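Below is one structure, written out as structure tokens; comments come after it.
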Amino acid sequence: MTNEEVRQEIINFEIEAGDFSSGGEASSKLKSILRKLGIPSQLIRKTAITTYELEINIIIHTFGGRISAEVSPKEIKVIASDQGPGIEDVDKAFQPGYSTANEKAREMGFGAGMGLCNIKRYSDNLEVRTKIGEGTTIEAYIYLDQSGDNIE
Amino acid sequence: MNIKDLIEELDLEVVVEADLEKEIKGAYSSDLLSNVMARTKEGDLWLTVQGHQNIVAIALLNDLAAVITTEEFEADEEARSKAQNQGINLLKTTLSSYELSGELYKLGIGQK
């Protein structure tokens, strides 16, 4: 049996634009499932930080989207996809301190331009696909075998 | 030191009581949530002036010992009810984050 065959979706949440009250629901749920699966706590921490930031990004920056996560013997994969507007300059978006968040988000302590930086730092591999007018899909991977040099 | 001892020591006000026996392992002070997500660890206290319900989400995700709102800022109703349901200790103080940090440090919390 290959890893692909035992890949299993463990969460799938719809996230509404601007709905700050739901921030953290997907990541908390994912965290509790990973705990039950016996995943080591430092990997749960990496996954929780990554997922929380992805959730908040959908709430702040998009017209709405979805967070799901899959687990296989090899990795945890978190997928955030949204319905737009798409990221104009991906390189800039990953610069620490760069943000296009609105005043409301900033007042709440978001929008400091650190979200994508955290996602990049705490995930082991990241794929970003974005198209203006269509939307963005981000896939973040946390490897279950951390024997490489990707431990924080 | 646990939360109960800390409350007595620094005369903190309990806003939501979950588990006051929780041991304090460290502390962090910031109002930028991404920094708090990245820098806090299990058993930490978090000092902030933010009072909305996302403070509870972060406390839950990082297994924080308590969130302390400073300078008389207070967690709003949604945050309090979420903390109650999820079992997160919420405390408050009239001290600023800077002043409270100093007091915590004197107690040996967060000293390397």
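Following the order of the structure tokens, chains are lettered A, B, ..., residues in each are numbered from 1, and ligands are numbered from 1.
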
Within 12 Å of Thr47 in chain A using only C-alpha atoms, minus same-chain residues under 4 positions, as a PyMOL selection string = (chain A and resi 26-35+39-43+51-54+69-71+75-79+118-125+139-144) or (chain B and resi 37-38+61-62)

Using only C-alpha atoms, tabulate the residues of chain A lying at most 8 Å from any atom of chain B, each with its closest atom pair and that distance in Å to one decimal, by chain and increasing residue number, as a tab-separated table.
residue	atom	partner	partner_atom	distance
A:Phe20	CA	B:Asn54	CA	7.5
A:Ser21	CA	B:Gln53	CA	6.7
A:Gly23	CA	B:Asn54	CA	6.5
A:Gly24	CA	B:Ala57	CA	5.2
A:Glu25	CA	B:Ala57	CA	7.7
A:Ser27	CA	B:Leu61	CA	7.4
A:Ser28	CA	B:Leu61	CA	6.1
A:Lys31	CA	B:Leu61	CA	7.5
A:Arg45	CA	B:Asn62	CA	7.2
A:Ala48	CA	B:Leu61	CA	6.6
A:Ile49	CA	B:Met37	CA	6.3
A:Glu53	CA	B:Ser34	CA	7.5
A:Met108	CA	B:Gln50	CA	6.8
A:Gly109	CA	B:Leu32	CA	4.5
A:Phe110	CA	B:Leu33	CA	5.9
A:Ala112	CA	B:Leu32	CA	6.8
A:Met114	CA	B:Ser34	CA	6.0
A:Gly115	CA	B:Ser34	CA	6.0
A:Asn118	CA	B:Ala38	CA	6.9

For the selection just defined, write its residues with N, CA and C atoms to a file, as a compact mmCIF listing (two decimals), in the first residue's frame.
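Heads up, here's the output in selection-v5.txt:
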# COMPACT_ATOMS: atom_id res chain seq x y z
N PHE A 20 -14.42 37.05 12.20
CA PHE A 20 -13.34 36.85 13.16
C PHE A 20 -13.73 35.89 14.28
N SER A 21 -15.03 35.78 14.55
CA SER A 21 -15.46 34.92 15.65
C SER A 21 -15.14 33.45 15.38
N GLY A 23 -12.38 32.46 13.93
CA GLY A 23 -10.92 32.29 13.86
C GLY A 23 -10.42 31.32 14.91
N GLY A 24 -9.76 30.27 14.50
CA GLY A 24 -9.22 29.30 15.44
C GLY A 24 -10.02 28.02 15.52
N GLU A 25 -11.22 28.01 14.92
CA GLU A 25 -12.05 26.79 15.01
C GLU A 25 -11.42 25.62 14.27
N SER A 27 -8.29 25.25 13.34
CA SER A 27 -7.00 24.84 13.93
C SER A 27 -7.18 24.11 15.26
N SER A 28 -8.16 24.54 16.07
CA SER A 28 -8.39 23.81 17.34
C SER A 28 -8.88 22.40 17.09
N LYS A 31 -6.07 20.35 15.84
CA LYS A 31 -5.16 20.05 16.95
C LYS A 31 -5.67 18.88 17.79
N ARG A 45 2.13 21.62 17.30
CA ARG A 45 2.34 23.06 17.44
C ARG A 45 2.60 23.72 16.07
N ALA A 48 -0.65 23.70 14.15
CA ALA A 48 -1.66 24.62 14.70
C ALA A 48 -1.35 26.06 14.33
N ILE A 49 -0.08 26.45 14.44
CA ILE A 49 0.30 27.83 14.09
C ILE A 49 0.02 28.07 12.60
N GLU A 53 -2.93 30.73 11.15
CA GLU A 53 -2.59 31.86 10.28
C GLU A 53 -3.32 31.76 8.93
N MET A 108 -7.42 44.68 15.93
CA MET A 108 -7.53 43.42 16.67
C MET A 108 -6.18 42.73 16.87
N GLY A 109 -5.13 43.35 16.39
CA GLY A 109 -3.81 42.77 16.59
C GLY A 109 -3.38 41.84 15.46
N PHE A 110 -4.16 41.88 14.37
CA PHE A 110 -3.74 41.14 13.17
C PHE A 110 -3.13 42.15 12.20
N ALA A 112 -0.18 42.55 10.99
CA ALA A 112 1.16 43.09 11.25
C ALA A 112 2.15 42.63 10.18
N MET A 114 2.92 39.46 9.49
CA MET A 114 3.71 38.32 9.95
C MET A 114 3.05 36.97 9.68
N GLY A 115 1.81 36.99 9.18
CA GLY A 115 1.06 35.75 9.00
C GLY A 115 1.73 34.78 8.05
N ASN A 118 5.00 33.45 9.35
CA ASN A 118 4.82 32.35 10.30
C ASN A 118 4.50 31.04 9.58

Determine, counting only C-alpha atoms, which protein, DNA and RNA residues have an atom within 8 Å of an atom of Glu71 in chain B; residues of the same chain fewer than 5 positions away are not included. Present the result as an MDAnalysis selection string.
-> chainID B and resid 49 93:97

From a DSSP pass on the backbone, collect the residues of chain A flagged as alpha helix (DSSP H) and hand them back as a PyMOL selection string.
-> chain A and resi 25-36+41-61+90-93+103-107+115-122

Give me, please, the distance in Å between CA of Asp5 in chain B and CA of Asp76 in chain B, quoted to one decimal.
-> 25.2 Å

Write out as an mmCIF file with N, CA and C atoms, in the first residue's frame each polymer residue whose atoms come within 7 Å of Glu21 in chain B, counting only C-alpha atoms; drop sequence neighbours fewer than 2 positions from it.
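Output (out_32.cif):
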data_model
loop_
_atom_site.group_PDB
_atom_site.id
_atom_site.type_symbol
_atom_site.label_atom_id
_atom_site.label_comp_id
_atom_site.auth_asym_id
_atom_site.auth_seq_id
_atom_site.Cartn_x
_atom_site.Cartn_y
_atom_site.Cartn_z
ATOM 1 N N ASN B 2 1.881 28.382 40.624
ATOM 2 C CA ASN B 2 0.668 28.206 39.829
ATOM 3 C C ASN B 2 -0.141 29.509 39.789
ATOM 4 N N ILE B 3 -1.232 29.475 39.011
ATOM 5 C CA ILE B 3 -2.021 30.689 38.775
ATOM 6 C C ILE B 3 -2.593 31.238 40.091
ATOM 7 N N LYS B 4 -3.025 30.339 40.942
ATOM 8 C CA LYS B 4 -3.619 30.745 42.212
ATOM 9 C C LYS B 4 -2.621 31.552 43.055
ATOM 10 N N ASP B 19 -8.819 26.649 35.427
ATOM 11 C CA ASP B 19 -8.010 25.770 36.266
ATOM 12 C C ASP B 19 -6.891 26.599 36.893
ATOM 13 N N GLU B 23 0.315 25.207 36.387
ATOM 14 C CA GLU B 23 1.681 25.684 36.639
ATOM 15 C C GLU B 23 2.098 26.707 35.583
#

Fewer than 3 positions away in the same chain doesn't count, so skip those; otherwise give me all residues within 8 Å of Ala80 in chain A, counting only C-alpha atoms, as a list in words.
-> Leu54, Glu55, Ile58, Gly65, Arg66, Ile67, Ser68, Thr136, Thr137, Ile138 and Glu139 of chain A

Would you mind listing, for every residue of range 32-93 of chain B within 12 Å of range 8-11 of chain B, the two atoms forming the shortest contact and the distance between them in Å to one decimal, using only C-alpha atoms, sorted by chain and ascending residue number, as JSON lines?
{"residue": "B:Ile68", "atom": "CA", "partner": "B:Leu10", "partner_atom": "CA", "distance": 11.8}
{"residue": "B:Leu91", "atom": "CA", "partner": "B:Asp11", "partner_atom": "CA", "distance": 10.3}
{"residue": "B:Lys92", "atom": "CA", "partner": "B:Asp11", "partner_atom": "CA", "distance": 9.5}
{"residue": "B:Thr93", "atom": "CA", "partner": "B:Asp11", "partner_atom": "CA", "distance": 7.9}

File dump, residues just selected, N, CA and C atoms, as a short mmCIF file (atom, residue, chain, number, x, y, z; two decimals), in the first residue's frame:
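So the final result, stored in result_4.cif, reads:
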data_model
loop_
_atom_site.label_atom_id
_atom_site.label_comp_id
_atom_site.auth_asym_id
_atom_site.auth_seq_id
_atom_site.Cartn_x
_atom_site.Cartn_y
_atom_site.Cartn_z
N ILE B 68 -3.73 37.49 30.62
CA ILE B 68 -3.93 38.60 31.56
C ILE B 68 -4.08 39.88 30.76
N LEU B 91 -7.50 36.63 33.37
CA LEU B 91 -7.25 37.49 34.53
C LEU B 91 -7.11 38.92 34.06
N LYS B 92 -7.22 39.88 35.00
CA LYS B 92 -6.96 41.26 34.62
C LYS B 92 -6.22 41.99 35.72
N THR B 93 -5.61 43.12 35.33
CA THR B 93 -4.86 43.92 36.28
C THR B 93 -4.93 45.39 35.89
#

Strand (DSSP E or B) residues, from DSSP on the backbone, in range 21-79 of chain B, as a PyMOL selection string = chain B and resi 23+26-29+44-48+66-69

I need the residues from that last selection saved to file as a CSV table (one decimal), in the first residue's frame (with C-alpha atoms), if you can.
chain,number,residue,atom,x,y,z
B,23,GLU,CA,1.7,25.7,36.6
B,26,GLY,CA,7.0,31.4,31.4
B,27,ALA,CA,5.4,34.6,30.1
B,28,TYR,CA,5.1,36.8,27.0
B,29,SER,CA,3.9,40.2,26.3
B,44,ASP,CA,3.0,30.6,29.4
B,45,LEU,CA,1.1,33.6,30.7
B,46,TRP,CA,0.2,36.1,28.0
B,47,LEU,CA,0.0,39.8,28.8
B,48,THR,CA,-2.1,41.9,26.4
B,66,ALA,CA,-3.7,32.2,31.5
B,67,VAL,CA,-4.3,35.4,29.5
B,68,ILE,CA,-3.9,38.6,31.6
B,69,THR,CA,-5.4,41.8,30.2

Which residue, A:Ser99, A:Pro73, A:Lys46, A:Ile11, has the smallest gap to Arg39 in chain B when you use only C-alpha atoms?
-> A:Lys46
